[in-house]
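Chemist: Below you will find the structure I want to go over with you.
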Amino acid sequence: MSFKDKIDLNKLPKHIAIIMDGNGRWAKQKGEHRIIGHQNGVQSVREAVEAAAEIGVQYLTLYAFSTENWNRPKEEVMALMQLLVSTIHSEVKTLNKNNIRLLAIGDLKNLPSDCFAELQDAIKATAQNTRMNLVLALSYSSRWEIINAVKQIGADIEKGKLKITDITEHLFENYLCTASIPEPELMIRTSGERRISNFLLWQLSYAELYFTEKLWPDFRKEDFFEAIVDYQNRESRFGKISEQIEE
Ligand code: IPE
Ligand code: IPE
Ligand code: MG
């Protein structure tokens with residue numbers, strides 16, 4: 001029985017977030033340059049997107065480039081940006097064919113202008129699609145996002161649009177990049193690293209965390225389904241006790 005067959009479609013997470021890690025190590029194992037690992041990671045992105053859409057996941061967020069990744073060697077950063085531009089460009093047709101809407105979160109103004117333009121075009125071109133939302137986290141870090149939210153709230157208080165007593169969890173969420181996006185119930189990280197690396201710190205508060213040893217370029221649909229089966233075998237208690245959840 002495949003992992004896909006074991007999934008209870010009535011208990012699907014609405015939103016799954018993935019830290020796609022291990023491209024560099026995958027390439028190193030093969031004696032190749034790190035960028036070969038990134039290039040091979042594109043197929044894994046396709047598989048994850050297809051797998052999520054096939055079973056009916058509504059939101060899939062992929063951590064593609066962190067704020068901290070700007071500190072990598074210049075040639076790797078440039079190669080990653082080029083790969084992003086070419087991948088986004090070539091995948092728009094497939095996204096439209098599959099009725100998938102593209103969104104992006106992060107400090108997008110920091111992207112090179114061709115990358116930013118390609119991204120905006122793809123977001124516009126897929127804006128009407130309704131089957132699934134694919135959210136790319138680009139030049140994203142959670143601390144940046146939270147500080148950004150705090151600054152905007154401060155500015156709205158200064159303008160008199162808000163009072164300090166208006167600040168609630170719900171209001172704060174509206175100032176995050178993920179304002180219109182439900183929080184992920186499941187976060188997957190590949191490559192065996194067990195950390196969050198500044199990804200969706202607020203939004204992952206109650207998410208189940210799933211770690212796999214697979215390096216990202218080796219990640220396939222069945223690996224995605226396996227993570228969901230694992231998730232479905234867990235129980236979220238949200239601070240309560242089991243008996244309260246069963247009621
Ligand atoms: C993830 O793979 C891709 C990005 C962060 C852009 P890495 O490039 O981090 O690969 P490792 O962790 O060095 O193996
Ligand atoms: C996290 O991976 C960021 C992305 C996958 C885009 P990193 O490889 O950059 O994170 P660390 O350095 O292991 O924490
Ligand atoms: Mg890494």
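Identifiers for the structure tokens are assigned positionally: chains receive A, B, ... in sequence, residues are indexed from 1 per chain, and ligands are indexed from 1 in the order shown.
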Give me the residues of chain A that have any atom at most 10 Å from an atom of ligand 2; for each, the nearest atom pair and the distance in Å, rounded to one decimal. Use only C-alpha atoms and all ligand atoms, sort by chain and number, and format it as a tab-separated table.
Modeler:
residue	atom	partner	partner_atom_place_in_ligand_line	distance
A:Ile18	CA	ligand 2	5 (C)	8.1
A:Ile19	CA	ligand 2	5 (C)	4.7
A:Met20	CA	ligand 2	5 (C)	4.6
A:Asp21	CA	ligand 2	5 (C)	4.7
A:Gly22	CA	ligand 2	8 (O)	6.9
A:Asn23	CA	ligand 2	8 (O)	8.6
A:Gly24	CA	ligand 2	8 (O)	8.5
A:Arg25	CA	ligand 2	8 (O)	9.9
A:Leu62	CA	ligand 2	6 (C)	8.0
A:Tyr63	CA	ligand 2	6 (C)	4.6
A:Ala64	CA	ligand 2	6 (C)	4.1
A:Phe65	CA	ligand 2	6 (C)	3.8
A:Ser66	CA	ligand 2	6 (C)	4.8
A:Thr67	CA	ligand 2	3 (C)	8.4
A:Glu68	CA	ligand 2	9 (O)	6.7
A:Asn69	CA	ligand 2	9 (O)	5.6
A:Trp70	CA	ligand 2	9 (O)	9.4
A:Asn71	CA	ligand 2	9 (O)	9.6
A:Arg72	CA	ligand 2	9 (O)	8.9
A:Leu136	CA	ligand 2	6 (C)	9.8
A:Ala137	CA	ligand 2	6 (C)	7.7
A:Leu138	CA	ligand 2	6 (C)	7.7
A:Ser139	CA	ligand 2	6 (C)	8.4
A:Tyr140	CA	ligand 2	6 (C)	8.3
A:Ser141	CA	ligand 2	3 (C)	8.7
A:Arg189	CA	ligand 2	5 (C)	8.3
A:Thr190	CA	ligand 2	5 (C)	8.8
A:Ser191	CA	ligand 2	8 (O)	9.1
A:Gly192	CA	ligand 2	13 (O)	9.9
A:Glu193	CA	ligand 2	13 (O)	6.9
A:Arg194	CA	ligand 2	13 (O)	8.9
A:Arg195	CA	ligand 2	14 (O)	6.9
A:Ile196	CA	ligand 2	14 (O)	7.2
A:Ser197	CA	ligand 2	14 (O)	4.5
A:Asn198	CA	ligand 2	14 (O)	7.8
A:Phe199	CA	ligand 2	3 (C)	7.8
A:Trp216	CA	ligand 2	5 (C)	9.2
Chemist: Export, as a PDB file, in the first residue's frame, the selected residues with C-alpha atoms.
Modeler:
ATOM      1  CA  ILE A  18       8.361  23.047   3.464  1.00  0.00           C
ATOM      2  CA  ILE A  19      11.957  24.021   4.193  1.00  0.00           C
ATOM      3  CA  MET A  20      13.619  22.675   1.072  1.00  0.00           C
ATOM      4  CA  ASP A  21      17.089  21.904   2.397  1.00  0.00           C
ATOM      5  CA  GLY A  22      20.070  19.823   1.333  1.00  0.00           C
ATOM      6  CA  ASN A  23      20.739  20.875  -2.273  1.00  0.00           C
ATOM      7  CA  GLY A  24      24.378  21.696  -1.574  1.00  0.00           C
ATOM      8  CA  ARG A  25      25.080  18.403   0.199  1.00  0.00           C
ATOM      9  CA  LEU A  62       7.999  26.644  -0.036  1.00  0.00           C
ATOM     10  CA  TYR A  63      10.975  28.282   1.643  1.00  0.00           C
ATOM     11  CA  ALA A  64      13.067  29.036  -1.422  1.00  0.00           C
ATOM     12  CA  PHE A  65      15.440  31.767  -0.241  1.00  0.00           C
ATOM     13  CA  SER A  66      15.947  33.231   3.207  1.00  0.00           C
ATOM     14  CA  THR A  67      17.059  36.710   4.213  1.00  0.00           C
ATOM     15  CA  GLU A  68      20.225  35.030   5.558  1.00  0.00           C
ATOM     16  CA  ASN A  69      20.849  33.337   2.188  1.00  0.00           C
ATOM     17  CA  TRP A  70      21.883  36.766   0.802  1.00  0.00           C
ATOM     18  CA  ASN A  71      25.103  36.176   2.749  1.00  0.00           C
ATOM     19  CA  ARG A  72      26.098  33.184   0.599  1.00  0.00           C
ATOM     20  CA  LEU A 136       7.006  31.108  -2.374  1.00  0.00           C
ATOM     21  CA  ALA A 137       8.961  32.449   0.586  1.00  0.00           C
ATOM     22  CA  LEU A 138      11.630  34.581  -1.049  1.00  0.00           C
ATOM     23  CA  SER A 139      14.086  36.828   0.705  1.00  0.00           C
ATOM     24  CA  TYR A 140      11.973  35.811   3.652  1.00  0.00           C
ATOM     25  CA  SER A 141      12.753  35.551   7.314  1.00  0.00           C
ATOM     26  CA  ARG A 189      12.126  20.002   6.546  1.00  0.00           C
ATOM     27  CA  THR A 190      14.385  17.843   4.419  1.00  0.00           C
ATOM     28  CA  SER A 191      18.097  17.044   4.818  1.00  0.00           C
ATOM     29  CA  GLY A 192      18.040  15.877   8.438  1.00  0.00           C
ATOM     30  CA  GLU A 193      18.472  19.326   9.994  1.00  0.00           C
ATOM     31  CA  ARG A 194      16.059  19.797  12.873  1.00  0.00           C
ATOM     32  CA  ARG A 195      15.630  23.527  13.078  1.00  0.00           C
ATOM     33  CA  ILE A 196      13.251  26.196  11.849  1.00  0.00           C
ATOM     34  CA  SER A 197      15.873  28.617  10.457  1.00  0.00           C
ATOM     35  CA  ASN A 198      13.780  31.763  10.855  1.00  0.00           C
ATOM     36  CA  PHE A 199      10.782  30.360   8.943  1.00  0.00           C
ATOM     37  CA  TRP A 216      15.691  18.032  -1.197  1.00  0.00           C
TER      38      TRP A 216
END
Chemist: Residues at most 7 Å from segment 52-57 of chain A, counting only C-alpha atoms, excluding those fewer than 6 positions away in the same chain, as a ChimeraX atom specification?
Modeler: /A:12-15,132
Chemist: How about saving the chosen residues, N, CA and C atoms kept, as a short mmCIF file (atom, residue, chain, number, x, y, z; two decimals), in the first residue's frame?
Modeler:
data_model
loop_
_atom_site.label_atom_id
_atom_site.label_comp_id
_atom_site.auth_asym_id
_atom_site.auth_seq_id
_atom_site.Cartn_x
_atom_site.Cartn_y
_atom_site.Cartn_z
N LEU A 12 -7.06 16.28 5.94
CA LEU A 12 -5.87 16.86 5.30
C LEU A 12 -5.49 18.17 5.96
N PRO A 13 -4.19 18.43 6.11
CA PRO A 13 -3.83 19.79 6.51
C PRO A 13 -4.22 20.75 5.38
N LYS A 14 -4.73 21.91 5.76
CA LYS A 14 -5.09 22.92 4.75
C LYS A 14 -3.84 23.54 4.17
N HIS A 15 -2.83 23.66 5.03
CA HIS A 15 -1.62 24.37 4.65
C HIS A 15 -0.38 23.57 5.08
N MET A 132 -5.38 25.54 -5.88
CA MET A 132 -4.41 25.54 -4.78
C MET A 132 -3.60 26.84 -4.81
#
Chemist: Return the single residue from A:Lys151, A:Arg234, A:Lys4, A:Lys221 that is closest to Val45 of chain A, with distances computed using only C-alpha atoms.
Modeler: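 Comparing A:Lys151, A:Arg234, A:Lys4, A:Lys221 against Val45 of chain A, the winner is A:Lys221.
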Chemist: Determine the nearest neighbour of Thr178 of chain A from the options A:Asp114, A:Gly160, A:Phe211, A:Ala104, counting only C-alpha atoms.
Modeler: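 Answer, going by the shortest atom-to-atom distance: A:Ala104.
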Chemist: Taking only C-alpha atoms and all ligand atoms into account, which of A:Ile153, A:Lys74, A:Glu222, A:Leu215 comes nearest ligand 3?
Modeler: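 Looking only at the distances to ligand 3, the closest residue turns out to be A:Leu215.
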Chemist: Pick out the closest residue to Pro184 of chain A from this set: A:Glu208, A:Asp107, A:Glu50, A:Asp5. Count only C-alpha atoms.
Modeler: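 Closest candidate: A:Glu208.
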Chemist: Can you tell me, as a list in words, what residues are no more than 8 Å from segment 97-103 of chain A when counting only C-alpha atoms, ignoring any on the same chain fewer than 4 positions away?
Modeler: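 Result of the neighbour search: Lys93, Ala122, Ile123, Thr126, Ala127, Gln128, Asn129, Thr130, Arg131, Met132, Asn133, Leu134, Val135 and Leu136 of chain A.
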Chemist: Select from segment 30-191 of chain A everything DSSP, run on the backbone, classes as helix (DSSP H, G or I), then give the selection as a ChimeraX atom specification.
Modeler: /A:34-55,67-71,74-97,108-110,113-125,142-158,164-166,169-174
